[in-house]
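Trainee: mmCIF, C-alpha atoms and all ligand atoms, file entry32.cif:
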```cif
data_entry
#
loop_
_atom_site.label_atom_id
_atom_site.label_comp_id
_atom_site.auth_asym_id
_atom_site.auth_seq_id
_atom_site.Cartn_x
_atom_site.Cartn_y
_atom_site.Cartn_z
CA MET A 419 69.00 30.61 36.58
CA ALA A 420 70.87 27.61 35.24
CA GLU A 421 69.81 26.37 31.84
CA MET A 422 66.51 24.59 32.05
CA SER A 423 64.72 23.08 29.10
CA ALA A 424 61.39 24.61 28.13
CA ALA A 425 59.67 21.51 29.49
CA ALA A 426 61.57 21.68 32.79
CA SER A 427 60.68 25.36 33.13
CA ALA A 428 57.03 24.64 32.47
CA PHE A 429 57.10 21.96 35.16
CA ALA A 430 58.86 24.30 37.61
CA GLU A 431 56.21 26.99 37.08
CA ARG A 432 53.48 24.52 37.97
CA ALA A 433 55.40 22.97 40.85
CA LYS A 434 55.99 26.40 42.35
CA GLU A 435 52.22 26.75 42.64
CA GLY A 436 51.93 23.29 44.16
CA ARG A 437 50.32 21.83 41.07
CA VAL A 438 51.23 18.17 40.49
CA GLU A 439 50.99 17.98 36.70
CA LEU A 440 52.77 15.80 34.19
CA GLN A 441 52.76 15.96 30.43
CA ARG A 442 50.38 13.49 28.83
CA CYS A 443 50.78 12.40 25.24
CA ASP A 444 47.77 13.33 23.10
CA GLU A 445 48.52 10.42 20.76
CA CYS A 446 49.08 7.42 23.04
CA GLY A 447 47.99 8.69 26.44
CA ALA A 448 51.30 7.95 28.20
CA PHE A 449 52.43 10.26 30.97
CA ALA A 450 55.95 11.59 30.60
CA TRP A 451 58.61 11.91 33.26
CA PRO A 452 60.93 13.73 33.44
CA PRO A 453 59.49 16.70 31.50
CA ARG A 454 60.41 16.35 27.83
CA ASP A 455 59.70 17.62 24.34
CA ILE A 456 58.51 14.38 22.77
CA CYS A 457 56.77 11.26 23.99
CA ALA A 458 59.23 8.48 24.83
CA ARG A 459 56.73 5.85 23.72
CA CYS A 460 55.50 7.13 20.35
CA TRP A 461 57.65 10.22 19.64
CA SER A 462 54.65 12.52 19.33
CA ASP A 463 55.39 16.13 20.20
CA GLN A 464 51.79 16.70 21.27
CA LEU A 465 52.14 16.67 25.04
CA THR A 466 49.58 18.33 27.29
CA TRP A 467 50.12 19.27 30.95
CA THR A 468 47.64 17.24 32.93
CA PRO A 469 46.95 17.02 36.68
CA ILE A 470 47.74 13.56 38.04
CA ALA A 471 46.51 11.67 41.08
CA PRO A 472 49.18 12.64 43.66
CA ARG A 473 49.77 9.07 44.72
CA GLY A 474 52.39 6.40 44.25
CA VAL A 475 54.46 3.69 45.87
CA LEU A 476 58.02 4.08 47.12
CA LEU A 477 60.09 1.57 45.15
CA ALA A 478 63.58 2.29 46.45
CA ALA A 479 65.05 4.74 48.91
CA THR A 480 68.57 5.94 49.49
CA ALA A 481 70.26 8.66 51.46
CA LEU A 482 72.69 11.25 50.16
CA HIS A 483 75.71 11.75 52.39
CA VAL A 484 77.70 13.99 50.06
CA ALA A 485 76.44 17.04 48.20
CA HIS A 486 77.76 20.23 46.66
CA ASP A 487 74.78 22.40 47.50
CA GLU A 488 75.05 24.26 50.78
CA PHE A 489 71.40 23.51 51.38
CA PHE A 490 71.97 19.75 51.45
CA LYS A 491 75.39 19.90 53.15
CA SER A 492 73.82 21.20 56.32
CA ARG A 493 71.00 18.65 56.23
CA MET A 494 72.76 15.33 55.67
CA PRO A 495 71.77 12.59 55.33
CA TRP A 496 69.12 13.56 52.81
CA ARG A 497 66.70 10.89 51.61
CA ILE A 498 65.67 10.49 48.01
CA GLY A 499 63.93 7.66 46.26
CA THR A 500 62.14 6.34 43.23
CA ILE A 501 58.37 6.42 43.19
CA ARG A 502 56.08 4.51 40.88
CA LEU A 503 53.42 7.12 40.25
CA GLU A 504 49.86 5.91 40.03
CA SER A 505 49.71 7.60 36.61
CA GLY A 506 52.50 5.32 35.34
CA PRO A 507 55.97 6.87 35.28
CA ILE A 508 58.73 6.24 37.79
CA ALA A 509 60.06 9.47 39.22
CA TYR A 510 62.72 10.60 41.65
CA ALA A 511 61.42 12.39 44.71
CA HIS A 512 62.74 13.89 47.91
CA LEU A 513 61.50 11.70 50.75
CA SER A 514 60.00 12.32 54.11
CA ASP A 515 62.19 10.60 56.72
CA ASN A 516 59.48 8.25 57.90
CA LEU A 517 58.96 6.42 54.60
CA SER A 518 59.97 2.82 53.93
CA GLU A 519 60.25 0.96 50.64
CA GLY A 520 56.86 -0.37 49.60
CA ASP A 521 54.95 2.38 51.35
CA ALA A 522 52.06 4.12 49.65
CA VAL A 523 53.01 7.77 49.37
CA ARG A 524 51.42 11.09 48.64
CA ILE A 525 53.18 13.23 46.06
CA ALA A 526 53.54 16.98 46.19
CA ALA A 527 55.34 19.35 43.87
CA CYS A 528 57.26 22.46 44.72
CA ALA A 529 60.15 24.58 43.52
CA ASP A 530 63.42 24.36 45.42
CA TRP A 531 65.60 27.33 46.39
CA LYS A 532 67.01 27.49 42.87
CA GLY A 533 63.60 27.52 41.25
CA ARG A 534 63.85 23.93 40.06
CA GLY A 535 60.64 21.96 40.06
CA VAL A 536 60.87 18.91 42.30
CA LEU A 537 58.62 16.16 43.54
CA VAL A 538 58.45 15.23 47.20
CA ALA A 539 56.93 12.11 48.74
CA LEU A 540 55.11 12.09 52.06
CA ALA A 541 53.37 9.40 54.03
CA ALA A 542 49.96 8.73 52.48
CA ALA A 543 48.29 10.04 55.62
CA ALA A 544 50.37 13.21 55.78
CA VAL A 545 48.40 16.41 55.56
CA ALA A 546 50.88 18.76 53.96
CA VAL A 547 54.49 19.38 53.06
CA GLU A 548 54.54 21.83 55.96
CA ASP A 549 54.27 18.88 58.36
CA ASP A 550 57.71 17.61 57.42
CA PRO A 551 60.54 19.79 58.74
CA LYS A 552 63.07 19.00 56.00
CA LEU A 553 60.65 19.11 53.10
CA ARG A 554 59.21 22.32 54.43
CA GLU A 555 62.67 23.86 54.17
CA LEU A 556 63.11 22.47 50.68
CA CYS A 557 59.78 23.81 49.44
CA LEU A 558 58.90 26.83 51.55
CA HIS A 559 61.79 29.23 51.22
CA GLU A 560 61.80 32.93 50.67
ZN ZN A 601 52.89 8.96 22.96
#
```
Before we go any further, please render this structure as structure tokens.
Mentor:
Amino acid sequence: MAEMSAAASAFAERAKEGRVELQRCDECGAFAWPPRDICARCWSDQLTWTPIAPRGVLLAATALHVAHDEFFKSRMPWRIGTIRLESGPIAYAHLSDNLSEGDAVRIAACADWKGRGVLVALAAAAVAVEDDPKLRELCLHE
């Protein structure tokens, strides 16, 4: 596996199990994203993995038309976007095709085909990642 920081690996392990957890700073309470070794707000290294409310708002969306990964090449265009998580941070996520900027979204976590932890955003009313054909392929691979 490509080099992953300890924090990124810890996130990937949780994401693989479908757990949406972010590190929370024991000192100031801020949630961290992306996974890191110290708090960006107060520099404490006391960060604890904490389940978050899997909700947010889609701030901006874009579509990838060029990629190096074979997975994406065969699935262009691929939508990604920035989500303001209810717990505070802004995170990148893979997007369900039916989302528009400003939409309330539901967040799920999974590991992609390379074992990288990723966040995906679905319509707030969506039941599961399995309901979205593209995200199902991203998250549910052998
Ligand atoms: Zn802090």
Trainee: Using only C-alpha atoms and all ligand atoms, which residues of the polymer chains come no farther than 7 Å from ligand ZN 601 (chain A)? I'd like the answer as a list in words.
Mentor: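 What falls inside 7 Å of ligand ZN 601 (chain A) is Cys443, Asp444, Glu445, Cys446, Gly447, Ala448, Cys457, Ala458, Arg459, Cys460, Trp461 and Ser462 of chain A.
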Trainee: Would you mind listing what lies within 9 Å of Val438 in chain A as a list in words, with only C-alpha atoms counted and same-chain residues fewer than 5 positions away left out?
Mentor: Phe429, Arg432, Ala433, Thr468, Pro469, Ile470, Ala471, Pro472, Ile525, Ala526, Ala527, Cys528 and Leu537 of chain A
Trainee: Report, in Å to a single decimal, how far apart CA of Leu465 in chain A and CA of Leu540 in chain A are.
Mentor: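 Separation between CA of Leu540 in chain A and CA of Leu465 in chain A: 27.6 Å.
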Trainee: I'd like the contact shell of Arg493 in chain A - 12 Å cut-off, only C-alpha atoms, skipping same-chain residues fewer than 3 positions apart - returned as a ChimeraX atom specification.
Mentor: /A:481-490,496-497,515,551-553,555-556
Trainee: Excluding Leu476 in chain A and any residue of its chain fewer than 3 positions from it, enumerate the residues within 6 Å of it, using all atoms listed in the file, and give them as a list of chain:residue names.
Mentor: A:Ile501, A:Glu519, A:Gly520, A:Asp521
Trainee: One number please: CA of Ala509 in chain A to CA of Arg534 in chain A, in Å, one decimal.
Mentor: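 Between these atoms lies a distance of 15.0 Å.
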Trainee: As a list in words, please: the residues near Ala544 in chain A (cut-off 12 Å, only C-alpha atoms, same-chain neighbours under 2 positions excluded).
Mentor: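 Contacts, with the query itself left out: Arg473, Ser514, Asn516, Leu517, Ala522, Val523, Arg524, Ile525, Ala526, Val538, Ala539, Leu540, Ala541, Ala542, Ala546, Val547, Glu548, Asp549 and Asp550 of chain A.
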Trainee: Suppose you want the space between CA of Glu504 in chain A and CA of Lys532 in chain A; what is it in Å?
Mentor: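 Distance reported for this atom pair: 27.7 Å.
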Trainee: Using only C-alpha atoms, find the one residue out of A:Gly499, A:Gly436, A:Pro452, A:Pro507 that sits nearest to Ala479 in chain A.
Mentor: A:Gly499
Trainee: So which one's closest to Phe449 in chain A, A:Ile508, A:Leu477, A:Ala426, A:Lys434? Using all atoms listed in the file, please.
Mentor: A:Ile508
Trainee: Return the single residue from A:Val536, A:Leu440, A:Leu558, A:Ala430 that is closest to Ser505 in chain A, with distances computed using only C-alpha atoms.
Mentor: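 Answer, going by the shortest atom-to-atom distance: A:Leu440.
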